Amino acid sequence: MTSRREEKERRRAERLAAEQTAAEQAKRRRTYSIVVGSVLGIAAVAAIVAVAATGGGNGHEVRESDITGEGTYSSAAAPPSQTETDLFAAARAADCVLRNPVIEGRQHVEPGTEVEYKTTPPTSGNHDPAPAGDGVYSDAPTESTTKNFVHTLEHGRIIIHYDPGLEKQQIDQLGGLFNEDPYHMVLMPDRGMRYQVAATAWGHLLGCEEVTDQTFDAIRGFRDRYRDQGPEQAA
């Protein structure tokens with residue numbers, strides 16, 4: 001009888017010891033998981049910060065630019081009043097084309113690097129690390145500064161391009177349209193394009209071979225649809 005009792009106590013002690021060992025191992029596993037999870041979380045946050053610091057995911061630092069425009073168009077004339085808010089209807093009425101060219105890339109290249117763009121005006125592609133500033137420009141972009149304006153498109157800006165040979169009244173009306181809502185907008189003359197007026201966003205193009213009253217609604221519709229839709233959001 002005594003032997004059976006001792007055997008029972010021995011087995012109970014072994015069971016309790018095994019349960020305690022298992023509990024300690026489980027605790028160690030939980031602690032390890034928490035530590036590993038914390039380390040991975042910190043690493044993920046660091047990676048996100050690094051990406052933000054290098055220009056939103058294309059692996060390069062965004063630099064300050066000395067290419068800046070005026071805040072408003074100084075000799076603006078009132079543009080035709082808006083009668084159509086739908087971009088596609090307005091583009092049809094103005095006999096303008098809407099295109100969505102294939103994205104050509106978005107890497108930063110050093111100043112002086114030659115980049116060939118497949119659309120005129122360009123709508124995407126590799127570009128200068130320094131984006132051109134918002135505003136009104138009196139000079140057309142050069143082969144070099146075009147890369148700065150492509151970076152501006154990547155930041156969600158809308159660029160209104162006009163043939164510098166347009167009548168002054170039409171240019172002044174485009175300036176009036178710009179002044180209506182200049183937030184994240186660029187207005188500039190542009191040589192070499194087939195259009196009298198065009199508007200570009202990252203991956204999108206509105207091209208108008210002539211300027212009519214309906215053209216202004218097409219530009220407004222393009223602006224309202226594509227502004228701040230670039231792959232990098234910048235203030």
# chains A, B, ... in the order shown; residues from 1 in each chain; ligands from 1
call {"tool": "select_by_dssp", "arguments": {"residues": "segment 99-184 of chain A", "states": "helix (DSSP H, G or I)", "output": "ChimeraX atom specification"}}
result
/A:146-154,168-180
call {"tool": "write_last_selection", "arguments": {"atoms": "N, CA and C atoms", "output": "PDB file, in the first residue's frame"}}
result
ATOM      1  N   THR A 146      13.283  71.080 -68.693  1.00  0.00           N
ATOM      2  CA  THR A 146      12.129  70.193 -68.874  1.00  0.00           C
ATOM      3  C   THR A 146      12.135  69.081 -67.835  1.00  0.00           C
ATOM      4  N   LYS A 147      13.318  68.602 -67.481  1.00  0.00           N
ATOM      5  CA  LYS A 147      13.417  67.515 -66.488  1.00  0.00           C
ATOM      6  C   LYS A 147      12.942  67.983 -65.120  1.00  0.00           C
ATOM      7  N   ASN A 148      13.092  69.276 -64.825  1.00  0.00           N
ATOM      8  CA  ASN A 148      12.579  69.805 -63.553  1.00  0.00           C
ATOM      9  C   ASN A 148      11.056  69.864 -63.562  1.00  0.00           C
ATOM     10  N   PHE A 149      10.492  70.212 -64.703  1.00  0.00           N
ATOM     11  CA  PHE A 149       9.035  70.289 -64.792  1.00  0.00           C
ATOM     12  C   PHE A 149       8.387  68.895 -64.788  1.00  0.00           C
ATOM     13  N   VAL A 150       9.065  67.898 -65.328  1.00  0.00           N
ATOM     14  CA  VAL A 150       8.548  66.527 -65.239  1.00  0.00           C
ATOM     15  C   VAL A 150       8.497  66.080 -63.776  1.00  0.00           C
ATOM     16  N   HIS A 151       9.499  66.492 -62.994  1.00  0.00           N
ATOM     17  CA  HIS A 151       9.475  66.180 -61.558  1.00  0.00           C
ATOM     18  C   HIS A 151       8.281  66.865 -60.884  1.00  0.00           C
ATOM     19  N   THR A 152       7.965  68.079 -61.345  1.00  0.00           N
ATOM     20  CA  THR A 152       6.807  68.793 -60.815  1.00  0.00           C
ATOM     21  C   THR A 152       5.511  68.022 -61.081  1.00  0.00           C
ATOM     22  N   LEU A 153       5.401  67.419 -62.276  1.00  0.00           N
ATOM     23  CA  LEU A 153       4.229  66.581 -62.569  1.00  0.00           C
ATOM     24  C   LEU A 153       4.157  65.404 -61.605  1.00  0.00           C
ATOM     25  N   GLU A 154       5.306  64.806 -61.294  1.00  0.00           N
ATOM     26  CA  GLU A 154       5.327  63.667 -60.378  1.00  0.00           C
ATOM     27  C   GLU A 154       4.765  64.049 -59.011  1.00  0.00           C
ATOM     28  N   LYS A 168      -2.225  87.711 -77.795  1.00  0.00           N
ATOM     29  CA  LYS A 168      -2.037  88.135 -76.401  1.00  0.00           C
ATOM     30  C   LYS A 168      -3.333  88.021 -75.606  1.00  0.00           C
ATOM     31  N   GLN A 169      -4.469  88.327 -76.217  1.00  0.00           N
ATOM     32  CA  GLN A 169      -5.746  88.222 -75.515  1.00  0.00           C
ATOM     33  C   GLN A 169      -5.979  86.799 -75.022  1.00  0.00           C
ATOM     34  N   GLN A 170      -5.649  85.815 -75.856  1.00  0.00           N
ATOM     35  CA  GLN A 170      -5.837  84.424 -75.452  1.00  0.00           C
ATOM     36  C   GLN A 170      -4.877  84.034 -74.333  1.00  0.00           C
ATOM     37  N   ILE A 171      -3.642  84.505 -74.427  1.00  0.00           N
ATOM     38  CA  ILE A 171      -2.669  84.222 -73.362  1.00  0.00           C
ATOM     39  C   ILE A 171      -3.122  84.863 -72.056  1.00  0.00           C
ATOM     40  N   ASP A 172      -3.605  86.095 -72.144  1.00  0.00           N
ATOM     41  CA  ASP A 172      -4.078  86.777 -70.935  1.00  0.00           C
ATOM     42  C   ASP A 172      -5.294  86.064 -70.339  1.00  0.00           C
ATOM     43  N   GLN A 173      -6.138  85.497 -71.182  1.00  0.00           N
ATOM     44  CA  GLN A 173      -7.277  84.722 -70.668  1.00  0.00           C
ATOM     45  C   GLN A 173      -6.815  83.434 -69.981  1.00  0.00           C
ATOM     46  N   LEU A 174      -5.782  82.806 -70.535  1.00  0.00           N
ATOM     47  CA  LEU A 174      -5.210  81.642 -69.854  1.00  0.00           C
ATOM     48  C   LEU A 174      -4.639  82.060 -68.493  1.00  0.00           C
ATOM     49  N   GLY A 175      -4.041  83.275 -68.462  1.00  0.00           N
ATOM     50  CA  GLY A 175      -3.581  83.785 -67.175  1.00  0.00           C
ATOM     51  C   GLY A 175      -4.728  84.017 -66.213  1.00  0.00           C
ATOM     52  N   GLY A 176      -5.865  84.479 -66.737  1.00  0.00           N
ATOM     53  CA  GLY A 176      -7.046  84.643 -65.884  1.00  0.00           C
ATOM     54  C   GLY A 176      -7.549  83.313 -65.371  1.00  0.00           C
ATOM     55  N   LEU A 177      -7.514  82.290 -66.211  1.00  0.00           N
ATOM     56  CA  LEU A 177      -7.919  80.952 -65.762  1.00  0.00           C
ATOM     57  C   LEU A 177      -6.968  80.449 -64.677  1.00  0.00           C
ATOM     58  N   PHE A 178      -5.667  80.671 -64.873  1.00  0.00           N
ATOM     59  CA  PHE A 178      -4.694  80.284 -63.846  1.00  0.00           C
ATOM     60  C   PHE A 178      -4.998  80.980 -62.521  1.00  0.00           C
ATOM     61  N   ASN A 179      -5.274  82.277 -62.587  1.00  0.00           N
ATOM     62  CA  ASN A 179      -5.522  83.038 -61.362  1.00  0.00           C
ATOM     63  C   ASN A 179      -6.799  82.602 -60.643  1.00  0.00           C
ATOM     64  N   GLU A 180      -7.730  81.986 -61.371  1.00  0.00           N
ATOM     65  CA  GLU A 180      -8.952  81.484 -60.732  1.00  0.00           C
ATOM     66  C   GLU A 180      -8.629  80.504 -59.603  1.00  0.00           C
TER      67      GLU A 180
END
call {"tool": "residues_around", "arguments": {"residues": "Pro101 of chain A", "least_positions_apart": "6", "cutoff": "9 Å", "atoms": "only C-alpha atoms", "output": "list in words"}}
result
Lys118, Thr119, Thr123, Ser124, Gly203, His204 and Leu205 of chain A
call {"tool": "select_by_dssp", "arguments": {"residues": "segment 92-184 of chain A", "states": "strand (DSSP E)", "output": "list in words"}}
result
Val97, Leu98, Arg99, Gly135, Val136, Ile158, Ile159, Ile160, His161 and Tyr162 of chain A
call {"tool": "write_last_selection", "arguments": {"atoms": "N, CA and C atoms", "output": "mmCIF file, in the first residue's frame"}}
result
data_model
loop_
_atom_site.group_PDB
_atom_site.id
_atom_site.type_symbol
_atom_site.label_atom_id
_atom_site.label_comp_id
_atom_site.auth_asym_id
_atom_site.auth_seq_id
_atom_site.Cartn_x
_atom_site.Cartn_y
_atom_site.Cartn_z
ATOM 1 N N VAL A 97 -7.905 66.564 -77.639
ATOM 2 C CA VAL A 97 -7.647 65.143 -77.437
ATOM 3 C C VAL A 97 -7.261 64.899 -75.976
ATOM 4 N N LEU A 98 -7.656 63.752 -75.463
ATOM 5 C CA LEU A 98 -7.250 63.299 -74.135
ATOM 6 C C LEU A 98 -6.436 62.020 -74.310
ATOM 7 N N ARG A 99 -5.248 62.018 -73.751
ATOM 8 C CA ARG A 99 -4.379 60.845 -73.859
ATOM 9 C C ARG A 99 -3.863 60.461 -72.488
ATOM 10 N N GLY A 135 3.594 78.121 -60.255
ATOM 11 C CA GLY A 135 3.472 79.521 -60.626
ATOM 12 C C GLY A 135 3.491 79.770 -62.116
ATOM 13 N N VAL A 136 3.620 81.053 -62.460
ATOM 14 C CA VAL A 136 3.584 81.523 -63.848
ATOM 15 C C VAL A 136 5.008 81.771 -64.327
ATOM 16 N N ILE A 158 -0.406 70.354 -62.101
ATOM 17 C CA ILE A 158 -0.942 70.486 -63.450
ATOM 18 C C ILE A 158 -0.174 71.609 -64.137
ATOM 19 N N ILE A 159 0.297 71.346 -65.349
ATOM 20 C CA ILE A 159 0.994 72.372 -66.131
ATOM 21 C C ILE A 159 0.126 72.736 -67.332
ATOM 22 N N ILE A 160 -0.143 74.023 -67.483
ATOM 23 C CA ILE A 160 -0.822 74.540 -68.671
ATOM 24 C C ILE A 160 0.265 75.089 -69.600
ATOM 25 N N HIS A 161 0.358 74.516 -70.793
ATOM 26 C CA HIS A 161 1.351 74.916 -71.789
ATOM 27 C C HIS A 161 0.633 75.681 -72.905
ATOM 28 N N TYR A 162 1.222 76.761 -73.365
ATOM 29 C CA TYR A 162 0.615 77.465 -74.498
ATOM 30 C C TYR A 162 1.680 77.842 -75.515
#
call {"tool": "closest_residue", "arguments": {"among": "A:Thr212, A:Thr83, A:Ser74, A:Thr68", "to": "Pro141 of chain A", "atoms": "only C-alpha atoms"}}
result
A:Thr68
call {"tool": "closest_residue", "arguments": {"among": "A:Gln229, A:Asn126, A:Thr120, A:Thr72", "to": "Met193 of chain A", "atoms": "only C-alpha atoms"}}
result
A:Thr120
call {"tool": "residues_around", "arguments": {"residues": "Cys96 of chain A", "least_positions_apart": "4", "cutoff": "12 Å", "atoms": "only C-alpha atoms", "output": "MDAnalysis selection string"}}
result
chainID A and resid 87:92 194:199 205:212 214:219 222
call {"tool": "closest_residue", "arguments": {"among": "A:Tyr137, A:Asp213, A:Arg220, A:Pro231", "to": "Pro80 of chain A", "atoms": "only C-alpha atoms"}}
result
A:Asp213
call {"tool": "closest_residue", "arguments": {"among": "A:Ser65, A:Ser138, A:Thr200, A:Asn100", "to": "Arg223 of chain A", "atoms": "only C-alpha atoms"}}
result
A:Thr200
call {"tool": "closest_residue", "arguments": {"among": "A:His184, A:His127, A:Arg225, A:His108", "to": "Gly71 of chain A", "atoms": "only C-alpha atoms"}}
result
A:His184
call {"tool": "closest_residue", "arguments": {"among": "A:Ala234, A:Ala94, A:Val186, A:Ala77", "to": "Gly156 of chain A", "atoms": "only C-alpha atoms"}}
result
A:Ala234
call {"tool": "atom_distance", "arguments": {"atom1": "atom CA of Ala132 of chain A", "atom2": "atom CA of Asp181 of chain A"}}
result
18.5 Å
